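File shown: structure22.cif (mmCIF, C-alpha atoms and all ligand atoms).
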data_coords
loop_
_atom_site.label_atom_id
_atom_site.label_comp_id
_atom_site.auth_asym_id
_atom_site.auth_seq_id
_atom_site.Cartn_x
_atom_site.Cartn_y
_atom_site.Cartn_z
CA MET A 206 -19.40 3.32 7.24
CA THR A 207 -22.60 4.82 5.83
CA ILE A 208 -22.11 7.60 3.29
CA PRO A 209 -24.89 10.23 3.08
CA ILE A 210 -25.67 9.95 -0.64
CA SER A 211 -26.97 12.99 -2.51
CA LYS A 212 -30.00 12.19 -4.73
CA THR A 213 -28.35 13.86 -7.73
CA HIS A 214 -25.40 11.51 -7.36
CA LEU A 215 -27.38 8.26 -7.21
CA ASN A 216 -27.09 5.57 -9.92
CA GLN A 217 -24.03 7.08 -11.56
CA ARG A 218 -22.05 5.23 -14.20
CA VAL A 219 -18.46 5.11 -13.02
CA ILE A 220 -15.43 3.88 -14.94
CA ILE A 221 -12.26 3.08 -13.00
CA VAL A 222 -8.95 2.82 -14.84
CA GLY A 223 -6.71 0.30 -13.02
CA GLY A 224 -7.65 -2.78 -10.99
CA GLY A 225 -5.16 -2.63 -8.11
CA VAL A 226 -6.25 -2.40 -4.47
CA ILE A 227 -7.09 1.26 -4.97
CA GLY A 228 -9.33 0.80 -8.03
CA LEU A 229 -10.93 -2.35 -6.61
CA GLY A 230 -11.51 -0.79 -3.18
CA ILE A 231 -13.22 2.27 -4.65
CA GLY A 232 -15.18 0.10 -7.09
CA TRP A 233 -16.44 -2.19 -4.34
CA GLN A 234 -17.67 0.71 -2.19
CA LEU A 235 -19.40 2.39 -5.15
CA ALA A 236 -20.99 -0.80 -6.50
CA LYS A 237 -22.38 -1.49 -3.02
CA ALA A 238 -23.86 2.00 -2.95
CA GLY A 239 -25.77 1.35 -6.19
CA CYS A 240 -23.54 2.86 -8.87
CA THR A 241 -22.93 1.04 -12.16
CA VAL A 242 -19.19 0.47 -11.96
CA SER A 243 -16.79 -0.87 -14.60
CA ILE A 244 -13.12 -1.41 -13.83
CA TYR A 245 -10.73 -1.64 -16.78
CA GLU A 246 -7.51 -3.49 -16.02
CA ARG A 247 -4.96 -4.07 -18.73
CA ASN A 248 -3.54 -7.27 -17.20
CA GLN A 249 -4.91 -9.37 -14.35
CA ALA A 250 -6.52 -7.35 -11.57
CA GLY A 251 -4.39 -6.79 -8.49
CA ARG A 252 -1.19 -8.33 -9.87
CA ALA A 253 0.97 -5.17 -10.01
CA ALA A 254 2.18 -3.24 -6.91
CA SER A 255 -0.76 -4.55 -4.89
CA TRP A 256 0.48 -8.13 -5.33
CA ALA A 257 4.16 -7.26 -4.85
CA ALA A 258 3.61 -5.54 -1.49
CA ALA A 259 4.39 -6.91 1.97
CA GLY A 260 1.05 -5.90 3.48
CA MET A 261 2.44 -3.94 6.43
CA LEU A 262 0.06 -1.40 7.96
CA ALA A 263 2.79 0.74 9.39
CA PRO A 264 1.98 4.42 9.86
CA HIS A 265 4.22 4.63 12.95
CA ALA A 266 7.22 2.63 11.77
CA GLU A 267 7.62 4.44 8.43
CA VAL A 268 7.01 7.89 9.88
CA HIS A 269 8.80 10.96 8.53
CA PHE A 270 8.72 14.26 10.33
CA GLU A 271 7.81 16.39 7.34
CA GLU A 272 4.81 14.26 6.47
CA ARG A 273 2.41 15.00 9.31
CA GLU A 274 -0.75 14.97 7.17
CA LEU A 275 0.29 11.68 5.65
CA LEU A 276 0.97 10.26 9.09
CA ASN A 277 -2.50 11.34 10.29
CA MET A 278 -4.07 9.76 7.25
CA GLY A 279 -2.12 6.53 7.77
CA VAL A 280 -3.10 6.35 11.44
CA GLN A 281 -6.76 6.89 10.54
CA SER A 282 -6.66 4.25 7.81
CA CYS A 283 -4.92 1.78 10.14
CA ARG A 284 -7.70 2.31 12.70
CA MET A 285 -10.30 1.64 9.98
CA TYR A 286 -8.75 -1.73 9.20
CA PRO A 287 -10.62 -4.03 11.65
CA GLU A 288 -13.99 -2.76 10.42
CA TRP A 289 -12.83 -2.75 6.77
CA VAL A 290 -11.65 -6.35 7.07
CA ALA A 291 -14.90 -7.45 8.77
CA GLU A 292 -16.95 -5.90 5.94
CA LEU A 293 -14.68 -7.30 3.22
CA GLU A 294 -14.60 -10.79 4.72
CA THR A 295 -18.40 -10.78 5.00
CA ASP A 296 -18.91 -9.59 1.42
CA SER A 297 -16.28 -11.88 -0.10
CA ARG A 298 -16.61 -14.83 2.28
CA MET A 299 -12.81 -14.96 2.32
CA ASN A 300 -10.18 -14.52 4.99
CA VAL A 301 -7.66 -11.73 4.33
CA GLY A 302 -5.07 -12.63 6.95
CA TYR A 303 -5.29 -9.46 9.04
CA ARG A 304 -2.86 -9.74 11.97
CA ALA A 305 -2.49 -7.38 14.91
CA GLU A 306 0.58 -8.82 16.68
CA GLY A 307 2.49 -5.55 16.22
CA THR A 308 5.91 -4.59 14.93
CA LEU A 309 9.41 -4.64 16.41
CA ILE A 310 11.93 -2.23 14.91
CA VAL A 311 15.34 -3.56 15.84
CA GLY A 312 18.87 -2.17 15.86
CA VAL A 313 21.14 -4.90 14.49
CA ASP A 314 24.43 -3.16 15.33
CA ARG A 315 25.57 -0.03 17.18
CA ASP A 316 25.06 2.31 14.18
CA ASP A 317 21.59 0.91 13.62
CA ALA A 318 20.73 1.39 17.30
CA ARG A 319 21.80 5.05 17.06
CA GLU A 320 19.55 5.49 14.02
CA LEU A 321 16.77 3.85 16.00
CA GLU A 322 17.20 6.43 18.76
CA HIS A 323 16.59 9.23 16.24
CA LEU A 324 13.51 7.47 14.94
CA TYR A 325 12.22 6.99 18.48
CA GLU A 326 12.77 10.67 19.33
CA SER A 327 10.77 11.69 16.22
CA GLN A 328 8.03 9.26 17.11
CA LYS A 329 7.79 10.61 20.67
CA LEU A 330 7.67 14.20 19.42
CA LEU A 331 4.75 13.15 17.27
CA ASP A 332 3.16 11.55 20.34
CA LEU A 333 3.01 8.09 18.78
CA LYS A 334 2.33 5.05 20.91
CA VAL A 335 5.71 3.36 20.70
CA GLU A 336 7.97 1.97 23.42
CA TRP A 337 11.76 1.76 23.71
CA ILE A 338 12.82 -1.71 24.87
CA THR A 339 16.10 -3.56 25.44
CA GLY A 340 17.43 -6.33 23.21
CA ARG A 341 16.54 -8.86 25.91
CA GLU A 342 12.96 -7.62 26.08
CA ALA A 343 12.75 -7.81 22.28
CA ARG A 344 13.98 -11.43 22.37
CA GLU A 345 11.38 -12.28 25.00
CA MET A 346 8.79 -11.19 22.44
CA GLU A 347 10.52 -12.82 19.44
CA PRO A 348 13.05 -15.45 20.62
CA LEU A 349 14.50 -15.86 17.09
CA LEU A 350 15.99 -12.34 17.13
CA SER A 351 19.79 -12.19 17.07
CA PRO A 352 21.61 -11.98 20.45
CA LYS A 353 23.50 -9.00 18.93
CA ILE A 354 20.39 -6.81 19.02
CA THR A 355 20.78 -4.34 21.87
CA ALA A 356 17.65 -2.20 21.50
CA ALA A 357 14.32 -2.06 19.75
CA ILE A 358 11.19 0.01 19.36
CA TRP A 359 7.95 -1.80 20.10
CA SER A 360 5.10 -0.50 17.96
CA LYS A 361 2.04 -2.49 18.93
CA ASP A 362 -0.31 -0.55 16.62
CA ASP A 363 1.55 -1.32 13.38
CA HIS A 364 -0.31 -4.33 12.01
CA GLN A 365 -0.39 -6.29 8.74
CA VAL A 366 -2.72 -7.93 6.23
CA ASP A 367 -2.17 -10.55 3.54
CA ASN A 368 -2.32 -8.13 0.60
CA ARG A 369 -2.65 -10.94 -1.96
CA ALA A 370 -5.63 -12.38 -0.08
CA MET A 371 -7.05 -8.85 0.13
CA VAL A 372 -6.76 -8.47 -3.65
CA GLU A 373 -8.66 -11.74 -4.19
CA ALA A 374 -11.30 -10.75 -1.63
CA LEU A 375 -11.76 -7.30 -3.18
CA ILE A 376 -12.31 -8.83 -6.63
CA ARG A 377 -14.88 -11.22 -5.24
CA ALA A 378 -16.66 -8.60 -3.07
CA TYR A 379 -16.73 -6.16 -6.00
CA GLN A 380 -18.20 -8.74 -8.37
CA ASN A 381 -20.69 -9.91 -5.72
CA ALA A 382 -21.91 -6.29 -5.63
CA ASP A 383 -22.44 -6.45 -9.45
CA GLY A 384 -19.26 -4.54 -10.26
CA ILE A 385 -18.03 -5.29 -13.80
CA LEU A 386 -14.36 -6.18 -14.23
CA HIS A 387 -12.74 -6.03 -17.67
CA GLU A 388 -9.33 -7.72 -17.44
CA ASP A 389 -6.73 -7.77 -20.23
CA THR A 390 -8.28 -4.49 -21.41
CA SER A 391 -5.98 -1.51 -21.70
CA VAL A 392 -7.32 2.04 -21.56
CA GLY A 393 -5.55 4.05 -24.27
CA LYS A 394 -7.06 7.47 -23.72
CA ILE A 395 -9.40 9.47 -21.50
CA GLU A 396 -11.82 11.47 -23.62
CA ILE A 397 -12.07 15.07 -22.41
CA VAL A 398 -14.35 17.55 -24.19
CA ASP A 399 -14.67 21.21 -23.11
CA GLY A 400 -12.98 20.52 -19.77
CA LYS A 401 -15.25 17.54 -18.98
CA ALA A 402 -14.29 13.86 -18.90
CA LYS A 403 -16.73 11.94 -21.09
CA GLY A 404 -15.34 8.43 -21.18
CA ILE A 405 -12.40 6.22 -22.07
CA TRP A 406 -11.07 4.75 -25.28
CA VAL A 407 -10.54 1.02 -25.35
CA LYS A 408 -9.13 0.18 -28.78
CA ASP A 409 -11.59 1.92 -31.14
CA ASN A 410 -14.49 2.09 -28.71
CA LEU A 411 -15.46 5.07 -26.61
CA GLU A 412 -17.00 3.87 -23.33
CA GLU A 413 -18.91 6.73 -21.75
CA ALA A 414 -19.52 7.37 -18.05
CA ASP A 415 -20.61 10.08 -15.60
CA VAL A 416 -17.35 9.83 -13.63
CA ILE A 417 -13.89 8.50 -14.52
CA VAL A 418 -11.51 7.49 -11.73
CA LEU A 419 -7.84 7.27 -12.65
CA ALA A 420 -6.24 4.63 -10.40
CA ALA A 421 -3.54 3.18 -12.64
CA GLY A 422 -0.71 3.17 -10.07
CA CYS A 423 2.69 4.19 -11.42
CA TRP A 424 1.29 4.16 -14.99
CA SER A 425 -1.25 6.91 -14.20
CA ASN A 426 0.47 9.54 -16.33
CA ASP A 427 0.93 7.16 -19.23
CA ILE A 428 -2.60 7.49 -20.60
CA ASP A 429 -3.41 9.81 -23.51
CA GLY A 430 -5.91 12.63 -23.40
CA LEU A 431 -4.92 14.32 -20.13
CA PRO A 432 -3.93 18.00 -20.48
CA GLU A 433 -0.42 18.58 -19.17
CA ALA A 434 -1.62 20.27 -15.97
CA VAL A 435 -3.69 17.21 -15.13
CA GLN A 436 -1.03 14.57 -15.66
CA PRO A 437 -0.28 13.20 -12.20
CA PRO A 438 3.43 13.43 -11.31
CA VAL A 439 3.92 9.75 -10.53
CA ARG A 440 6.95 7.56 -11.11
CA PRO A 441 7.80 3.90 -10.50
CA VAL A 442 10.03 3.08 -7.50
CA LYS A 443 11.29 -0.48 -7.72
CA GLY A 444 11.22 -2.82 -4.73
CA GLN A 445 12.88 -6.24 -4.82
CA MET A 446 11.43 -8.86 -2.50
CA LEU A 447 11.71 -12.52 -1.60
CA ALA A 448 9.80 -15.07 0.45
CA LEU A 449 11.10 -17.90 2.63
CA GLN A 450 9.04 -20.83 3.86
CA MET A 451 9.00 -20.85 7.67
CA GLU A 452 9.51 -24.28 9.25
CA GLU A 453 8.83 -25.76 12.66
CA GLY A 454 10.91 -23.94 15.29
CA ILE A 455 11.61 -21.04 12.94
CA VAL A 456 8.32 -19.20 12.93
CA LEU A 457 8.06 -15.47 13.55
CA GLU A 458 4.90 -13.91 14.90
CA LYS A 459 5.49 -10.18 14.72
CA VAL A 460 6.60 -7.96 11.87
CA ILE A 461 10.31 -7.22 12.26
CA ARG A 462 11.89 -4.13 10.74
CA ALA A 463 15.64 -3.62 10.67
CA PRO A 464 16.80 -0.20 9.46
CA ARG A 465 20.41 -0.53 8.29
CA ALA A 466 22.60 2.52 8.79
CA LYS A 467 25.67 1.29 6.86
CA TYR A 468 23.94 -0.60 4.06
CA PRO A 469 21.82 0.51 1.10
CA THR A 470 18.70 -1.43 2.10
CA ASP A 471 16.58 -1.45 5.24
CA VAL A 472 14.87 -4.79 5.64
CA TYR A 473 11.56 -6.00 6.98
CA LEU A 474 10.29 -9.52 7.69
CA VAL A 475 6.55 -10.14 7.53
CA PRO A 476 5.27 -13.59 8.60
CA LYS A 477 2.06 -14.70 6.89
CA ASP A 478 -0.61 -17.17 8.03
CA ASP A 479 0.28 -19.58 5.21
CA GLY A 480 3.87 -19.94 6.47
CA ARG A 481 5.53 -17.50 4.07
CA LEU A 482 8.05 -15.09 5.52
CA VAL A 483 7.90 -12.10 3.17
CA ILE A 484 11.13 -10.09 3.10
CA GLY A 485 11.69 -6.66 1.57
CA ALA A 486 12.62 -4.37 0.13
CA THR A 487 14.98 -2.39 -2.00
CA SER A 488 13.98 1.11 -3.06
CA GLU A 489 15.37 1.94 -6.49
CA GLU A 490 14.77 4.70 -9.02
CA MET A 491 15.15 2.49 -12.10
CA GLY A 492 12.15 3.46 -14.20
CA PHE A 493 10.00 0.51 -15.21
CA ASP A 494 12.82 -2.03 -14.82
CA THR A 495 11.68 -4.99 -12.68
CA ARG A 496 14.75 -7.21 -12.97
CA LEU A 497 16.06 -8.87 -9.83
CA THR A 498 19.72 -8.24 -9.04
CA ALA A 499 22.30 -10.23 -7.11
CA GLY A 500 23.09 -7.14 -5.02
CA GLY A 501 19.45 -6.44 -4.22
CA LEU A 502 18.73 -9.98 -3.04
CA PHE A 503 22.07 -10.13 -1.22
CA GLU A 504 21.25 -6.99 0.79
CA LEU A 505 17.85 -8.40 1.73
CA LEU A 506 19.33 -11.72 2.84
CA ARG A 507 22.21 -10.13 4.72
CA GLY A 508 19.92 -7.79 6.69
CA THR A 509 17.47 -10.59 7.39
CA TRP A 510 20.13 -13.05 8.50
CA GLU A 511 21.79 -10.49 10.78
CA ALA A 512 18.45 -9.75 12.47
CA VAL A 513 17.22 -13.37 12.59
CA PRO A 514 20.13 -15.82 12.06
CA GLY A 515 17.80 -18.84 12.20
CA ILE A 516 16.50 -18.11 8.69
CA TYR A 517 19.75 -19.48 7.21
CA ASP A 518 18.39 -22.93 6.30
CA LEU A 519 14.88 -21.89 5.27
CA PRO A 520 13.91 -22.56 1.65
CA VAL A 521 13.54 -19.59 -0.70
CA ILE A 522 10.12 -20.01 -2.31
CA GLU A 523 9.72 -16.84 -4.36
CA THR A 524 11.55 -13.74 -5.56
CA TRP A 525 9.93 -10.76 -7.27
CA ALA A 526 10.06 -7.03 -7.83
CA GLY A 527 7.24 -4.49 -7.89
CA LEU A 528 6.83 -0.82 -8.75
CA ARG A 529 5.58 1.59 -6.10
CA PRO A 530 3.63 4.54 -7.48
CA GLY A 531 5.57 7.46 -6.00
CA SER A 532 4.36 11.04 -6.48
CA ARG A 533 6.63 14.08 -6.48
CA ASP A 534 6.19 14.50 -2.71
CA ASN A 535 5.58 10.79 -2.10
CA ALA A 536 2.05 11.44 -0.83
CA PRO A 537 -1.04 10.19 -2.65
CA ILE A 538 -2.95 12.26 -5.20
CA LEU A 539 -6.64 12.11 -4.33
CA GLY A 540 -9.86 13.73 -5.46
CA GLU A 541 -10.90 16.31 -8.02
CA THR A 542 -8.53 17.36 -10.78
CA GLY A 543 -9.72 20.52 -12.49
CA VAL A 544 -11.27 18.41 -15.27
CA GLU A 545 -14.94 17.95 -14.46
CA ASN A 546 -15.91 14.32 -13.70
CA LEU A 547 -12.30 13.17 -13.56
CA ILE A 548 -11.19 11.93 -10.14
CA MET A 549 -7.71 10.74 -9.23
CA ALA A 550 -6.61 8.10 -6.74
CA THR A 551 -2.96 7.34 -7.29
CA GLY A 552 0.57 7.92 -5.96
CA HIS A 553 0.21 5.81 -2.81
CA TYR A 554 3.92 4.97 -2.93
CA ARG A 555 5.01 2.81 0.07
CA ASN A 556 1.64 2.87 1.81
CA GLY A 557 -1.05 1.89 -0.67
CA ILE A 558 -2.17 -1.18 1.26
CA LEU A 559 -2.34 0.82 4.49
CA LEU A 560 -4.23 3.64 2.76
CA THR A 561 -6.73 1.47 0.85
CA PRO A 562 -9.65 1.78 3.33
CA ILE A 563 -9.45 5.55 3.72
CA THR A 564 -8.90 6.09 -0.02
CA ALA A 565 -11.76 3.80 -1.03
CA ARG A 566 -14.20 5.35 1.42
CA GLU A 567 -13.24 8.97 0.84
CA ILE A 568 -13.21 8.72 -2.96
CA ALA A 569 -16.52 6.83 -2.94
CA ALA A 570 -17.95 9.52 -0.64
CA LEU A 571 -16.73 12.25 -2.98
CA ILE A 572 -18.44 10.59 -5.95
CA LEU A 573 -21.64 9.90 -4.02
CA THR A 574 -22.00 13.31 -2.38
CA GLY A 575 -20.00 15.72 -4.54
CA GLU A 576 -18.18 16.89 -1.38
CA THR A 577 -14.42 16.68 -0.78
CA SER A 578 -13.82 15.78 2.87
CA GLU A 579 -11.11 17.36 5.01
CA ASN A 580 -9.34 14.00 5.06
CA ILE A 581 -8.38 14.23 1.41
CA ALA A 582 -8.50 17.98 0.71
CA HIS A 583 -4.77 18.25 1.46
CA PHE A 584 -3.92 15.57 -1.11
CA GLN A 585 -5.49 17.00 -4.26
CA LEU A 586 -3.58 17.32 -7.53
CA SER A 587 -3.75 21.12 -7.25
CA ARG A 588 -1.01 21.08 -4.56
CA PHE A 589 1.66 20.60 -7.26
P1 LIG A 601 -1.27 -1.10 -8.65
O1 LIG A 601 -1.48 -2.23 -7.71
O2 LIG A 601 0.04 -1.00 -9.33
O3 LIG A 601 -2.46 -1.17 -9.70
C1 LIG A 601 -2.52 -0.32 -10.81
C2 LIG A 601 -3.17 -1.14 -11.91
O4 LIG A 601 -3.44 -0.30 -13.02
C3 LIG A 601 -2.26 -2.24 -12.42
O5 LIG A 601 -2.88 -3.49 -12.22
C4 LIG A 601 -2.07 -1.92 -13.89
O6 LIG A 601 -2.00 -3.06 -14.73
C5 LIG A 601 -3.30 -1.08 -14.18
N1 LIG A 601 -3.12 -0.18 -15.34
C6 LIG A 601 -2.10 0.65 -15.58
N2 LIG A 601 -2.29 1.32 -16.72
C7 LIG A 601 -3.47 0.89 -17.23
C8 LIG A 601 -4.22 1.20 -18.40
N3 LIG A 601 -3.78 2.08 -19.29
N4 LIG A 601 -5.40 0.56 -18.62
C9 LIG A 601 -5.86 -0.34 -17.72
N5 LIG A 601 -5.20 -0.68 -16.58
C10 LIG A 601 -4.01 -0.07 -16.34
N6 LIG A 601 2.13 -0.61 0.86
C11 LIG A 601 1.75 -0.80 2.14
O7 LIG A 601 0.83 -0.15 2.63
N7 LIG A 601 2.40 -1.72 2.92
C12 LIG A 601 3.44 -2.45 2.45
O8 LIG A 601 3.99 -3.28 3.18
C13 LIG A 601 3.88 -2.25 1.14
N8 LIG A 601 4.93 -2.92 0.65
C14 LIG A 601 5.32 -2.72 -0.64
C15 LIG A 601 6.40 -3.45 -1.14
C16 LIG A 601 6.75 -3.33 -2.47
C17 LIG A 601 7.93 -4.11 -3.00
C18 LIG A 601 5.99 -2.50 -3.33
C19 LIG A 601 6.33 -2.41 -4.80
C20 LIG A 601 4.93 -1.76 -2.83
C21 LIG A 601 4.60 -1.86 -1.48
N9 LIG A 601 3.55 -1.11 -0.93
C22 LIG A 601 3.16 -1.31 0.34
C23 LIG A 601 2.88 -0.08 -1.74
C24 LIG A 601 1.57 -0.60 -2.34
O9 LIG A 601 1.78 -1.87 -2.90
C25 LIG A 601 1.06 0.35 -3.42
O10 LIG A 601 1.06 1.69 -2.94
C26 LIG A 601 -0.34 -0.02 -3.85
O11 LIG A 601 -0.43 -1.38 -4.20
C27 LIG A 601 -0.79 0.84 -5.01
O12 LIG A 601 -2.02 0.33 -5.47
P2 LIG A 601 -2.61 0.79 -6.87
O13 LIG A 601 -3.90 0.11 -7.03
O14 LIG A 601 -2.55 2.28 -6.94
O15 LIG A 601 -1.51 0.31 -7.93
N1 LIG A 602 6.05 -0.13 2.72
C1 LIG A 602 7.05 -1.04 2.37
C2 LIG A 602 7.67 -0.84 1.06
O1 LIG A 602 7.19 -0.05 0.27
O2 LIG A 602 8.66 -1.46 0.79
#

This structure in structure tokens:
Amino acid sequence: MTIPISKTHLNQRVIIVGGGVIGLGIGWQLAKAGCTVSIYERNQAGRAASWAAAGMLAPHAEVHFEERELLNMGVQSCRMYPEWVAELETDSRMNVGYRAEGTLIVGVDRDDARELEHLYESQKLLDLKVEWITGREAREMEPLLSPKITAAIWSKDDHQVDNRAMVEALIRAYQNADGILHEDTSVGKIEIVDGKAKGIWVKDNLEEADVIVLAAGCWSNDIDGLPEAVQPPVRPVKGQMLALQMEEGIVLEKVIRAPRAKYPTDVYLVPKDDGRLVIGATSEEMGFDTRLTAGGLFELLRGTWEAVPGIYDLPVIETWAGLRPGSRDNAPILGETGVENLIMATGHYRNGILLTPITAREIAALILTGETSENIAHFQLSRF
């Protein structure tokens, strides 16, 4: 995408706080456009929520009625993905494991099938391209599905990417465009003088810039210097995950989602090119706790096994938990903030991987042109 750059906005010095997919994506686009960009990341770039995610690009499957603007944004971002991936793979010379085999949402038992019917009705009212199919039809598409499954929704436009590969590619593409990455460097404070953001404090040093972008995920309101009205209402929402190693004869192709009516945790299974079967996820309001629990992993394994019994003998190769950055209304917080030169890009909650292309391009466009597009106007901090 070519952004019409205003002359007054050329060659800006931009500081981005946070090196997850959101910070890296914005940084890459801006560095390519000629800005001098520095990303400050307090640990290793991309190793927080962006690493923990499953990489589903699922605007249709995770749809909620009351979130029409968010749905539209997700659909747009999902459509941007093929072009985004082509550009990223060219700039990074890496493969990011984008897969377009689609998603099956299955009803494991009768209660789940009833819940599926409600979801399907909502999806049809929203005019989404989804199809109701029988259990047999679902098994023709994915033979490993349990014989107990009686119905499914086929969502061919819900795709996936290898989010960890995307993180690595974004770092490389950003650095290839002369973006500067400071890892193991925590930002303590944003310096605001007379309603204008001037820079950031790293230890005792003030690093100045023309624009500061706050993209620190669920830690975005944990940085000093922001007036109360400008602190983004974000919180951590814990998700426990695990990965199995797929073996010959037990290889899934599509993303499988199994909403569970009777149990605390819906599950999803996301097969990756490298043979991992990524399984998630719990959704827990536990603050910054990232411990794994017996119950959390049990629920994931139970749901997975009931949907795809053949996983029983597969080796467990990894378990982890990540923190989704959830805002008060669970939609992202994007754009201007009321403090001059301070831009926000946070609160992407369950959909940050899906929303990376649209966020990166729209926030870069805002910085390069000074104009807020219709796509993000609805998601500004001022809505709270
Ligand atoms: P993060 O990746 O968390 O990055 C923020 C960065 O800021 C961190 O690296 C942190 O160290 C840094 N930071 C914080 N404070 C400071 C500071 N003071 N100074 C410097 N650096 C700082 N989304 C999807 O679209 N599809 C999925 O399938 C999906 N699955 C998910 C599964 C799980 C279990 C989880 C947890 C999330 C999932 N998500 C998914 C959501 C997605 O991962 C997030 O919305 C997205 O990664 C948010 O990106 P981010 O860059 O804002 O945050
Ligand atoms: N979008 C999947 C998750 O957040 O668990």

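The gap separating atom CA of A:Leu457 from atom CA of A:Ser360 is 15.9 Å, in Å to one decimal.
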
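Distance annotation: of A:Lys403, A:Arg588, A:Arg315, A:Arg481, the residue with the minimal separation from A:Leu519 is A:Arg481; atom set is all atoms listed in the file.
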
Centre and edge lengths, as JSON, for the axis-aligned box enclosing every listed atom of stretch 523-528 of chain A with 6 Å of padding on each of the six sides, in Å to one decimal?
{"center_x": 9.2, "center_y": -8.8, "center_z": -6.6, "size_x": 16.7, "size_y": 28.0, "size_z": 16.4}

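Pairwise distance (atom CA of A:Val472, atom CA of A:Glu288) equals 29.3 Å.
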
Q: Give the residue list for ligand LIG 601 (chain A) at 7 Å, counting only C-alpha atoms and all ligand atoms, as JSON, numbers by chain, sorted by chain and then by residue number.
A: {"A": [222, 223, 224, 225, 226, 227, 228, 245, 246, 247, 248, 249, 250, 251, 252, 253, 254, 255, 256, 257, 258, 259, 260, 261, 262, 263, 390, 391, 392, 393, 420, 421, 422, 423, 424, 425, 427, 428, 443, 444, 445, 446, 485, 486, 526, 527, 528, 529, 530, 551, 552, 553, 554, 555, 556, 557, 558, 559, 560]}

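Minimum atom-to-atom distance to A:Ala291, evaluated using all atoms listed in the file, belongs to A:Ala374 out of A:Leu331, A:Ala374, A:Ile581, A:Leu411.
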
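Our summary of the geometry notes that atom CA of A:Ala356 is positioned 22.8 Å from atom C2 of ligand LIG 602 (chain A).
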
Q) Which one is closest to ligand LIG 602 (chain A): A:Ala382, A:Met299, A:Ala236, A:Leu505? Count only C-alpha atoms and all ligand atoms. A) A:Leu505

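If all atoms listed in the file are the atoms counted, then among A:Val442, A:Met451, A:Val335, A:Val460 the closest residue to A:Thr495 is A:Val442.
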
**Q.** Among listed residues A:Ala370, A:Ile484, A:Ile221, A:Ala343, nearest ligand LIG 602 (chain A) (using only C-alpha atoms and all ligand atoms)
**A.** A:Ile484
